[in-house]
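> Before I ask anything, here is the structure I am working with.
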Amino acid sequence: MTQCHTIRSRIGGRMRDRRRALGMTQEQCASVIGLPRLTLARIELGYRRIKLPELGPICEALGYSAEDLLGDAGLAAAATRNHGRLYGSLPIYTNTP
């Protein structure tokens with residue numbers, strides 16, 4: 001298993017655990033995020049990476065910061081910075097100022 005796949009699996013696992021803790025089905029969560037259910041399932045299993053434009057809606061639906069979801073302050077800061085460069089400000093917060 002590659003390092004990227006391992007990171008995706010950990011992020012997907014956090015998503016799945018949080019979704020279940022909120023009592024949401026994959027179908028409900030995918031609808032709130034605006035993704036097909038199969039795409040959400042593939043992200044949760046670590047088969048598909050989260051695209052930058054999807055990060056905000058996923059964090060909002062799960063009530064997570066980017067840092068909570070990604071599990072790394074540096075990774076969250078980089079994602080937020082890159083999102084800002086490409087798409088404008090990210091409509092979520094991080095745990096670091």
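We label chains A, B, ... in the order they appear in the structure tokens, count residues from 1 in each chain, and number ligands from 1 in the order shown.
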Excluding Arg14 of chain A and its own-chain neighbours fewer than 3 positions away, which residues fall within 9 Å of it when counting only C-alpha atoms? Please give them as a PDB file with N, CA and C atoms, in the first residue's frame.

ATOM      1  N   SER A   9      -6.860   6.581   3.133  1.00  0.00           N
ATOM      2  CA  SER A   9      -7.631   5.644   3.956  1.00  0.00           C
ATOM      3  C   SER A   9      -7.895   6.214   5.342  1.00  0.00           C
ATOM      4  N   ARG A  10      -6.895   6.879   5.919  1.00  0.00           N
ATOM      5  CA  ARG A  10      -7.093   7.480   7.247  1.00  0.00           C
ATOM      6  C   ARG A  10      -8.110   8.615   7.185  1.00  0.00           C
ATOM      7  N   ILE A  11      -8.011   9.462   6.157  1.00  0.00           N
ATOM      8  CA  ILE A  11      -8.966  10.560   6.000  1.00  0.00           C
ATOM      9  C   ILE A  11     -10.371   9.994   5.769  1.00  0.00           C
ATOM     10  N   ASP A  17     -16.331   7.551  10.226  1.00  0.00           N
ATOM     11  CA  ASP A  17     -16.617   7.537  11.659  1.00  0.00           C
ATOM     12  C   ASP A  17     -17.477   8.733  12.065  1.00  0.00           C
ATOM     13  N   ARG A  18     -17.148   9.908  11.535  1.00  0.00           N
ATOM     14  CA  ARG A  18     -17.901  11.118  11.873  1.00  0.00           C
ATOM     15  C   ARG A  18     -19.319  11.052  11.310  1.00  0.00           C
ATOM     16  N   ARG A  19     -19.442  10.592  10.067  1.00  0.00           N
ATOM     17  CA  ARG A  19     -20.765  10.462   9.440  1.00  0.00           C
ATOM     18  C   ARG A  19     -21.647   9.532  10.264  1.00  0.00           C
ATOM     19  N   GLU A  44     -14.448   7.382   1.365  1.00  0.00           N
ATOM     20  CA  GLU A  44     -14.390   6.762   2.687  1.00  0.00           C
ATOM     21  C   GLU A  44     -13.503   5.518   2.706  1.00  0.00           C
ATOM     22  N   ASP A  68      -9.080  18.869  11.384  1.00  0.00           N
ATOM     23  CA  ASP A  68      -9.685  17.674  11.974  1.00  0.00           C
ATOM     24  C   ASP A  68      -9.830  16.569  10.932  1.00  0.00           C
ATOM     25  N   LEU A  69     -10.324  16.936   9.763  1.00  0.00           N
ATOM     26  CA  LEU A  69     -10.571  15.946   8.719  1.00  0.00           C
ATOM     27  C   LEU A  69      -9.272  15.376   8.164  1.00  0.00           C
ATOM     28  N   LEU A  70      -8.335  16.261   7.843  1.00  0.00           N
ATOM     29  CA  LEU A  70      -7.101  15.816   7.209  1.00  0.00           C
ATOM     30  C   LEU A  70      -6.112  15.235   8.220  1.00  0.00           C
ATOM     31  N   GLY A  71      -6.280  15.585   9.495  1.00  0.00           N
ATOM     32  CA  GLY A  71      -5.437  15.008  10.534  1.00  0.00           C
ATOM     33  C   GLY A  71      -4.044  15.581  10.611  1.00  0.00           C
TER      34      GLY A  71
END
> Write out as a list of chain:residue names which residues come within 10 Å of Thr6 of chain A when counting only C-alpha atoms, dropping same-chain ones fewer than 5 positions away.
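Those residues are A:Met1, A:Ile11, A:Gly12, A:Gly46, A:Tyr47.
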> Can you list, as a count of residues only, every residue of chain A that DSSP puts in helix (DSSP H, G or I)?
66
> Work out how far apart atom CA of Leu38 of chain A and atom CA of Ile50 of chain A are and give it in Å to one decimal.
13.3 Å
> Report the distance between atom CA of Thr39 of chain A and atom CA of Leu86 of chain A in Å, rounded to one decimal place.
22.4 Å
> Could you jot down the atom CA of Ile58 of chain A to atom CA of Ile33 of chain A separation for me, Å, one decimal place?
5.7 Å
> Pick from A:Ala77, A:Leu35, A:Leu62, A:Leu52: nearest to Leu22 of chain A, with only C-alpha atoms counted?
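Closest residue, counting only C-alpha atoms: A:Leu62.
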> Might you pull out every residue within 9 Å of Pro53 of chain A, with only C-alpha atoms counted and same-chain residues fewer than 3 positions away left off, and present them as a PyMOL selection string?
chain A and resi 50+56-57+83+87+90
